[in-house]
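Right, one structure below, let's go through it.
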Amino acid sequence: MTQHLAAPAAPDSGTRTDWWRDAVIYQVYPRSFADGNGDGMGDLEGIRARLPHLRDLGVDAVWLSPFYASPQADAGYDVADYRAIDPMFGTLHDADAVIRDAHALGLRIIVDLVPNHSSDRHDWFQRALKEGPGSPLRDRYHFRAGKGADGELPPNDWESIFGGPAWTRTTDPDGAPGEWYLHLFAPEQPDFNWEHPAVRDEFRSILRFWLDMGVDGFRVDVAHGLVKAEGLPDIGHHDQLKLLGNDTMPFFDQDGVHEIYRSWRHVLAEYAENEIGPEGPSLEGRGRETGGRVLVAEAWTPTVERTAHYVRPDEMHQAFNFQYLGTHWDAAELREVIDSSLAAMRPVDAPATWVLSNHDVTRHATRFANPPGLGTQLRTAGDRALGLRRARAATLLMLALPGSAYLYQGEELGLPDVTDLPDEVRQDPSFHRAQGQDGFRDGCRVPIPWTVEGPSYGFGTGGSWLPQPAGWGELSVEAQTGDPTSTLELYRKALQTRRTQPGLGAGDALQWTEAPEGVLAFRREDFACTANTTGEPVRLTAPGRLLLASGPVDVGDGDVELPADTTAWWAV
Ligand code: GLC
């Protein structure tokens, strides 16, 4: 613990000691982490009871996906009340207990904030519907008259990310067909109008509410979506999903979003750093730039350079690196995205971030089990042994890179996606809107196994809201603890090493060294990493003393054979 708290700043990070610059942040998906009351749905009580697992794993912070009052049309990303906990997850008292216990264990808590849209059950939206056209409350969302003789056509051609038009027509209080409203996601998720001052004030107030509760930061959902191009212009194409991530869209990554984050940064700056760890305040003030509360952007942009705009010094602290998440297990591609990510973050002085899995994409153990190029949402299990071998290697590579890394619950167990869920249990709204052609996100949301036996393998005392596959218990925390070859022990060792080995952690640079084709090799201070992305073993000169490897490595007399799809860490 002491080592944990007193971890020295990496030599190349100058005087900065901001915790988030090299933090490993673990994403908890509350529905599927641990069920404290046996109703088959994960909850805050369950999370609280399992916090010691996260402390033992060695992460620095926990990001909790939404637990707010919500009709759950999009698993909680449809918020009806931003200041209340959904009864299915517990109470505000439980949230307070999670935050306090986490802090006492030395873990920070980041909560999910969903500012692009609310639930259609949100009080503002309900009142706007009831009051009818002309209600000032309608200005807080995007209500518009339809096109066509009777307003029967949507106001523009925008398509929902979840399939179908991005507009739904309302019914007026007198029963006549009325205006349309915009929803970039499900119809149950109406988009806020961020030009309205009441929306801006409300979210600053929500930030303060949770900062007062003691959270250490916010993961900002759809951070690139809040501001829409003036006049809501047509795009002029169908199949707009294909344009996402490459083209500039009138509803994503508009320059106007940045002033919102600048104003939020001011709100965070009003708050002092929380006391973390059993030994009291971690705040010593030396070289700290902020009170330790952070904003993390979920911003899907076409390039890492565009992503860097979100983390300019007066905006957010970190942004997810989705370019990295989308990269195949291929040395040349990886090297390119690593270089471009570091180069993009350097001028804005933000840490690069790295991520392989989250609740929206197929787990990396399954992505890498399949041929490249299939995308990030799959329905095929592929070659599981190959996927796991590559996933372990990919994780060690990621944890060796300068900056901050995100882990998704269950990846420390090497969990695959559950690709064969029956259609009738699937809850992803896009699965239903796209008529089963898309929306396979339930596969990475299956509740995680804690024990070898037992109902829902220790997830809870009852069942589990999505069915767990047979044999899930063999992948459990219980099954893997103490087995030196297990993925769980690999993660524990890697995170422990990351805290103690000079050259691992913060910083913004690495030095590539010579390596055979298909192998990535780099140095950072007294540390070296070699990753063999090929399907064949390669012979190398050992760069130093072996610290850790993702698979069995034999070090001979200065020579080493690095097996296929294996990463090794070295002290130089
Ligand atoms: C984000 C979330 C995703 C959700 C969407 C709409 O992308 O990560 O789960 O469906 O926003 O809120």
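So you can find residues: chains in the structure tokens are A, B, ... in the order shown, residues in each start at 1, and ligands are numbered from 1 in order.
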Surroundings of ligand 1 up to 10 Å, based on only C-alpha atoms and all ligand atoms, as a PyMOL selection string: chain A and resi 65-66+73-79+112-119+161-162+183-186+189+219-223+225+298-300+358-361+428-430+439+441
Those residues you just picked out, can you put them in a file as a short mmCIF file (atom, residue, chain, number, x, y, z; two decimals), in the first residue's frame with N, CA and C atoms?
```cif
data_model
loop_
_atom_site.label_atom_id
_atom_site.label_comp_id
_atom_site.auth_asym_id
_atom_site.auth_seq_id
_atom_site.Cartn_x
_atom_site.Cartn_y
_atom_site.Cartn_z
N SER A 65 -19.72 2.92 -14.92
CA SER A 65 -20.72 3.25 -15.93
C SER A 65 -22.00 3.68 -15.20
N PRO A 66 -22.97 4.30 -15.88
CA PRO A 66 -24.08 4.97 -15.18
C PRO A 66 -24.89 4.08 -14.23
N ALA A 73 -33.43 2.06 -21.10
CA ALA A 73 -33.63 1.79 -22.53
C ALA A 73 -32.28 1.56 -23.20
N ASP A 74 -31.21 2.15 -22.64
CA ASP A 74 -29.86 1.92 -23.16
C ASP A 74 -28.94 1.64 -21.97
N ALA A 75 -29.36 0.66 -21.16
CA ALA A 75 -28.55 0.21 -20.02
C ALA A 75 -28.06 1.37 -19.14
N GLY A 76 -28.90 2.35 -18.91
CA GLY A 76 -28.55 3.42 -17.99
C GLY A 76 -27.96 4.65 -18.65
N TYR A 77 -27.65 4.57 -19.96
CA TYR A 77 -27.18 5.76 -20.68
C TYR A 77 -28.37 6.61 -21.14
N ASP A 78 -29.50 6.37 -20.49
CA ASP A 78 -30.71 7.18 -20.69
C ASP A 78 -31.12 7.61 -19.28
N VAL A 79 -30.70 8.81 -18.88
CA VAL A 79 -30.81 9.20 -17.48
C VAL A 79 -32.07 10.04 -17.25
N ASP A 112 -19.73 8.27 -14.58
CA ASP A 112 -20.09 8.53 -15.97
C ASP A 112 -21.08 9.68 -15.99
N LEU A 113 -20.86 10.64 -16.87
CA LEU A 113 -21.79 11.75 -17.00
C LEU A 113 -22.34 11.70 -18.42
N VAL A 114 -23.65 11.81 -18.55
CA VAL A 114 -24.27 11.64 -19.87
C VAL A 114 -24.95 12.95 -20.29
N PRO A 115 -24.20 13.89 -20.87
CA PRO A 115 -24.75 15.22 -21.14
C PRO A 115 -25.35 15.41 -22.53
N ASN A 116 -25.15 14.46 -23.45
CA ASN A 116 -25.64 14.68 -24.81
C ASN A 116 -27.16 14.55 -24.88
N HIS A 117 -27.68 13.64 -24.05
CA HIS A 117 -29.11 13.36 -24.12
C HIS A 117 -29.57 12.94 -22.73
N SER A 118 -30.88 13.07 -22.51
CA SER A 118 -31.45 12.52 -21.27
C SER A 118 -32.30 11.34 -21.66
N SER A 119 -33.01 10.80 -20.68
CA SER A 119 -34.06 9.82 -20.97
C SER A 119 -35.31 10.60 -21.41
N ILE A 161 -27.45 6.60 -34.50
CA ILE A 161 -26.31 5.68 -34.39
C ILE A 161 -26.82 4.25 -34.17
N PHE A 162 -27.99 4.14 -33.59
CA PHE A 162 -28.55 2.82 -33.31
C PHE A 162 -29.46 2.32 -34.45
N HIS A 183 -32.93 12.58 -31.71
CA HIS A 183 -32.23 11.63 -30.82
C HIS A 183 -31.15 10.94 -31.64
N LEU A 184 -29.91 11.26 -31.36
CA LEU A 184 -28.82 10.62 -32.10
C LEU A 184 -28.74 9.13 -31.76
N PHE A 185 -29.27 8.75 -30.60
CA PHE A 185 -29.25 7.33 -30.20
C PHE A 185 -30.70 6.81 -30.24
N ALA A 186 -31.15 6.13 -29.20
CA ALA A 186 -32.50 5.55 -29.25
C ALA A 186 -33.57 6.65 -29.12
N GLN A 189 -33.85 8.52 -25.97
CA GLN A 189 -32.70 9.35 -25.57
C GLN A 189 -32.70 10.68 -26.34
N ARG A 219 -16.25 10.58 -16.53
CA ARG A 219 -16.07 10.11 -17.91
C ARG A 219 -17.25 10.71 -18.66
N VAL A 220 -16.97 11.51 -19.66
CA VAL A 220 -18.02 12.29 -20.31
C VAL A 220 -18.50 11.56 -21.56
N ASP A 221 -19.73 11.07 -21.48
CA ASP A 221 -20.32 10.27 -22.55
C ASP A 221 -20.59 11.14 -23.79
N VAL A 222 -20.27 10.61 -24.96
CA VAL A 222 -20.53 11.31 -26.23
C VAL A 222 -20.09 12.78 -26.15
N ALA A 223 -18.90 12.99 -25.65
CA ALA A 223 -18.40 14.36 -25.43
C ALA A 223 -18.30 15.14 -26.74
N GLY A 225 -20.54 15.17 -29.05
CA GLY A 225 -21.84 15.30 -29.70
C GLY A 225 -22.69 16.48 -29.26
N GLU A 298 -15.14 10.83 -23.79
CA GLU A 298 -15.46 9.80 -24.78
C GLU A 298 -15.74 10.56 -26.07
N ALA A 299 -14.73 10.75 -26.86
CA ALA A 299 -14.89 11.56 -28.07
C ALA A 299 -14.42 10.74 -29.27
N TRP A 300 -15.36 10.32 -30.08
CA TRP A 300 -15.00 9.58 -31.30
C TRP A 300 -14.76 10.63 -32.36
N ASN A 358 -13.98 -2.15 -23.86
CA ASN A 358 -14.95 -1.44 -23.02
C ASN A 358 -16.33 -2.06 -23.24
N HIS A 359 -17.36 -1.45 -22.68
CA HIS A 359 -18.70 -2.04 -22.72
C HIS A 359 -19.39 -1.88 -24.07
N ASP A 360 -18.73 -1.24 -25.03
CA ASP A 360 -19.36 -1.01 -26.34
C ASP A 360 -18.75 -1.84 -27.45
N VAL A 361 -17.68 -2.53 -27.16
CA VAL A 361 -17.00 -3.27 -28.24
C VAL A 361 -16.75 -4.72 -27.81
N ASP A 428 -29.28 -4.88 -26.04
CA ASP A 428 -28.69 -3.74 -26.72
C ASP A 428 -29.75 -3.12 -27.64
N PRO A 429 -30.10 -1.83 -27.42
CA PRO A 429 -31.17 -1.25 -28.25
C PRO A 429 -30.83 -1.26 -29.74
N SER A 430 -29.55 -1.18 -30.07
CA SER A 430 -29.24 -1.14 -31.50
C SER A 430 -29.45 -2.50 -32.16
N GLY A 439 -25.28 -4.29 -33.22
CA GLY A 439 -25.67 -4.14 -31.82
C GLY A 439 -25.42 -5.40 -31.01
N ARG A 441 -23.46 -5.63 -28.45
CA ARG A 441 -22.72 -5.20 -27.26
C ARG A 441 -23.04 -6.03 -26.02
#
```
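All residues in region 393-474 of chain A with a DSSP state of alpha helix (DSSP H), computed from the backbone, read Ala393, Ala394, Thr395, Leu396, Leu397, Met398, Leu399, Ala400, Pro429, Ser430, Phe431, His432 and Arg433 of chain A.
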What are the DSSP strand (DSSP E) residues of region 312-495 of chain A, as a compact mmCIF listing (two decimals) with N, CA, C and O atoms, in the first residue's frame?
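What ended up in result.txt:
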```
# COMPACT_ATOMS: atom_id res chain seq x y z
N GLN A 318 -8.06 13.94 -20.00
CA GLN A 318 -7.75 12.77 -20.82
C GLN A 318 -8.85 12.56 -21.84
O GLN A 318 -10.00 12.96 -21.62
N ALA A 319 -8.52 11.84 -22.90
CA ALA A 319 -9.54 11.41 -23.86
C ALA A 319 -9.22 9.97 -24.24
O ALA A 319 -8.05 9.59 -24.34
N THR A 353 -3.57 8.09 -23.80
CA THR A 353 -4.28 7.01 -23.11
C THR A 353 -4.37 5.83 -24.05
O THR A 353 -4.23 5.98 -25.27
N TRP A 354 -4.60 4.67 -23.45
CA TRP A 354 -4.61 3.41 -24.22
C TRP A 354 -5.76 2.56 -23.71
O TRP A 354 -6.02 2.52 -22.51
N VAL A 355 -6.44 1.91 -24.61
CA VAL A 355 -7.57 1.08 -24.21
C VAL A 355 -7.75 -0.03 -25.23
O VAL A 355 -7.54 0.18 -26.43
N SER A 404 -1.66 6.81 -19.60
CA SER A 404 -2.66 6.21 -18.74
C SER A 404 -3.39 5.10 -19.52
O SER A 404 -3.57 5.22 -20.72
N ALA A 405 -3.81 4.03 -18.81
CA ALA A 405 -4.44 2.91 -19.51
C ALA A 405 -5.78 2.59 -18.88
O ALA A 405 -5.97 2.73 -17.67
N TYR A 406 -6.70 2.15 -19.72
CA TYR A 406 -8.05 1.78 -19.27
C TYR A 406 -8.25 0.27 -19.42
O TYR A 406 -7.96 -0.29 -20.48
N LEU A 407 -8.75 -0.36 -18.36
CA LEU A 407 -9.08 -1.78 -18.38
C LEU A 407 -10.59 -1.92 -18.25
O LEU A 407 -11.23 -1.12 -17.56
N TYR A 408 -11.14 -2.93 -18.86
CA TYR A 408 -12.58 -3.18 -18.76
C TYR A 408 -12.79 -4.44 -17.95
O TYR A 408 -12.15 -5.47 -18.20
```
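Each of A:Gly245, A:Trp569, A:Lys130, A:Glu179 was checked against Leu153 (chain A) using only C-alpha atoms; the smallest atom-to-atom distance is that of A:Glu179.
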Near-Tyr457 (chain A) list (12 Å; only C-alpha atoms; drop same-chain fewer than 4 positions) as a list in words: Phe33, Ala34, Asp35, Gly40, Val446, Pro447, Ile448, Pro449, Trp450, Thr451, Val452, Glu453, Thr461, Gly462, Gly463, Ser464, Pro467, Gln468, Pro469, Ala470, Gly471, Trp472, Gly473, Glu474, Leu475, Ser476, Val477, Glu478 and Ala479 of chain A
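Take CA of Tyr181 (chain A) and CA of Arg208 (chain A): the distance between them is 28.9 Å.
Closest approach to Asp438 (chain A) from the set A:Leu378, A:Leu401, A:Met316, A:Ile25 is made by A:Leu378, with distances taken over only C-alpha atoms.
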Each region 346-417 of chain A residue no farther than 12 Å from region 562-565 of chain A, nearest pair in Å, only C-alpha atoms, as CSV:
```
residue,atom,partner,partner_atom,distance
A:Phe368,CA,A:Asp565,CA,10.6
A:Ala369,CA,A:Asp565,CA,11.7
A:Ala385,CA,A:Asp565,CA,11.1
A:Leu386,CA,A:Asp565,CA,8.4
A:Gly387,CA,A:Asp565,CA,9.6
A:Leu388,CA,A:Asp565,CA,9.7
A:Arg389,CA,A:Asp565,CA,6.3
A:Arg390,CA,A:Asp565,CA,5.3
A:Ala391,CA,A:Asp565,CA,8.8
A:Arg392,CA,A:Asp565,CA,8.7
A:Ala393,CA,A:Asp565,CA,6.2
A:Ala394,CA,A:Asp565,CA,8.5
A:Thr395,CA,A:Asp565,CA,11.5
A:Leu396,CA,A:Asp565,CA,11.2
A:Leu397,CA,A:Asp565,CA,11.0
```
Under the rule of at most 8 Å, produce a per-residue listing of region 144-215 of chain A near region 87-110 of chain A: chain, number, name, the closest pair of atoms, and the distance in Å, as CSV, using only C-alpha atoms.
```
residue,atom,partner,partner_atom,distance
A:Met213,CA,A:Asp96,CA,6.7
A:Gly214,CA,A:Ile99,CA,6.8
A:Val215,CA,A:Ile109,CA,5.4
```
Taking only residues of region 432-511 of chain A that have an atom at most 9 Å from an atom of region 540-559 of chain A, what is each one's shortest atom pair and its distance in Å to one decimal, using only C-alpha atoms, in chain and number order, as CSV?
```
residue,atom,partner,partner_atom,distance
A:Thr485,CA,A:Gly551,CA,8.1
A:Thr487,CA,A:Ser550,CA,8.5
A:Leu490,CA,A:Ser550,CA,7.1
A:Lys493,CA,A:Leu548,CA,7.8
A:Ala494,CA,A:Leu548,CA,7.3
A:Thr497,CA,A:Leu547,CA,8.1
```
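Comparing A:Leu413, A:Val24, A:Leu243, A:Phe67 by their smallest distance to Glu45 (chain A), the closest is A:Phe67 (using only C-alpha atoms).
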Polymer residues at most 12 Å from Asp247 (chain A), only C-alpha atoms, same-chain spacing of 6 or more positions, as a PyMOL selection string: chain A and resi 235+237+240-241+253-254+300-303+306
Dump N, CA, C and O atoms for the selected residues as an mmCIF file, in the first residue's frame?
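Below is the file that was written, part37.cif:
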```
data_model
loop_
_atom_site.group_PDB
_atom_site.id
_atom_site.type_symbol
_atom_site.label_atom_id
_atom_site.label_comp_id
_atom_site.auth_asym_id
_atom_site.auth_seq_id
_atom_site.Cartn_x
_atom_site.Cartn_y
_atom_site.Cartn_z
ATOM 1 N N ILE A 235 -27.169 15.840 -44.373
ATOM 2 C CA ILE A 235 -25.870 15.240 -44.694
ATOM 3 C C ILE A 235 -25.821 14.851 -46.175
ATOM 4 O O ILE A 235 -24.781 14.945 -46.821
ATOM 5 N N HIS A 237 -26.474 11.821 -47.482
ATOM 6 C CA HIS A 237 -26.106 10.419 -47.738
ATOM 7 C C HIS A 237 -26.944 9.537 -46.849
ATOM 8 O O HIS A 237 -27.207 9.913 -45.717
ATOM 9 N N GLN A 240 -25.221 6.538 -42.882
ATOM 10 C CA GLN A 240 -24.283 7.507 -42.297
ATOM 11 C C GLN A 240 -23.331 6.886 -41.278
ATOM 12 O O GLN A 240 -22.266 7.429 -41.009
ATOM 13 N N LEU A 241 -23.748 5.730 -40.741
ATOM 14 C CA LEU A 241 -22.853 5.061 -39.786
ATOM 15 C C LEU A 241 -21.484 4.827 -40.396
ATOM 16 O O LEU A 241 -20.459 4.900 -39.710
ATOM 17 N N ASP A 253 -18.233 16.372 -33.112
ATOM 18 C CA ASP A 253 -16.932 17.039 -33.131
ATOM 19 C C ASP A 253 -17.004 18.465 -33.691
ATOM 20 O O ASP A 253 -16.113 18.901 -34.413
ATOM 21 N N GLN A 254 -18.042 19.167 -33.347
ATOM 22 C CA GLN A 254 -18.166 20.574 -33.740
ATOM 23 C C GLN A 254 -17.312 21.421 -32.793
ATOM 24 O O GLN A 254 -17.243 21.146 -31.593
ATOM 25 N N TRP A 300 -15.359 10.315 -30.076
ATOM 26 C CA TRP A 300 -15.000 9.585 -31.296
ATOM 27 C C TRP A 300 -14.756 10.635 -32.363
ATOM 28 O O TRP A 300 -15.683 11.309 -32.798
ATOM 29 N N THR A 301 -13.519 10.819 -32.744
ATOM 30 C CA THR A 301 -13.193 11.824 -33.758
ATOM 31 C C THR A 301 -12.433 11.129 -34.893
ATOM 32 O O THR A 301 -11.912 10.028 -34.704
ATOM 33 N N PRO A 302 -12.357 11.778 -36.042
ATOM 34 C CA PRO A 302 -11.685 11.122 -37.167
ATOM 35 C C PRO A 302 -10.185 10.893 -36.949
ATOM 36 O O PRO A 302 -9.629 9.961 -37.514
ATOM 37 N N THR A 303 -9.516 11.737 -36.165
ATOM 38 C CA THR A 303 -8.058 11.593 -36.019
ATOM 39 C C THR A 303 -7.637 11.848 -34.566
ATOM 40 O O THR A 303 -8.348 12.520 -33.817
ATOM 41 N N ARG A 306 -7.565 15.535 -33.813
ATOM 42 C CA ARG A 306 -8.848 16.132 -33.399
ATOM 43 C C ARG A 306 -9.134 15.782 -31.927
ATOM 44 O O ARG A 306 -9.650 16.590 -31.173
#
```
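Considering only C-alpha atoms, the residue among A:Trp512, A:Tyr29, A:Tyr271, A:Tyr82 positioned nearest to Leu64 (chain A) is A:Tyr29.
Note that CA of Ser456 (chain A) and CA of Gly36 (chain A) are 12.3 Å apart.
Rounded to one decimal, CA of Gly292 (chain A) and CA of Leu57 (chain A) lie 22.0 Å from each other.
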Excluding same-chain residues fewer than 2 positions from Gly382 (chain A), what lies within 6 Å of it counting only C-alpha atoms, as a compact mmCIF listing (two decimals) with C-alpha atoms, in the first residue's frame?
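Output file selection_25.txt follows:
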```txt
# COMPACT_ATOMS: atom_id res chain seq x y z
CA ALA A 369 -9.30 -14.46 -32.14
CA ASN A 370 -10.85 -13.45 -35.45
CA THR A 380 -18.04 -15.00 -33.99
CA ARG A 384 -10.08 -18.74 -28.53
```
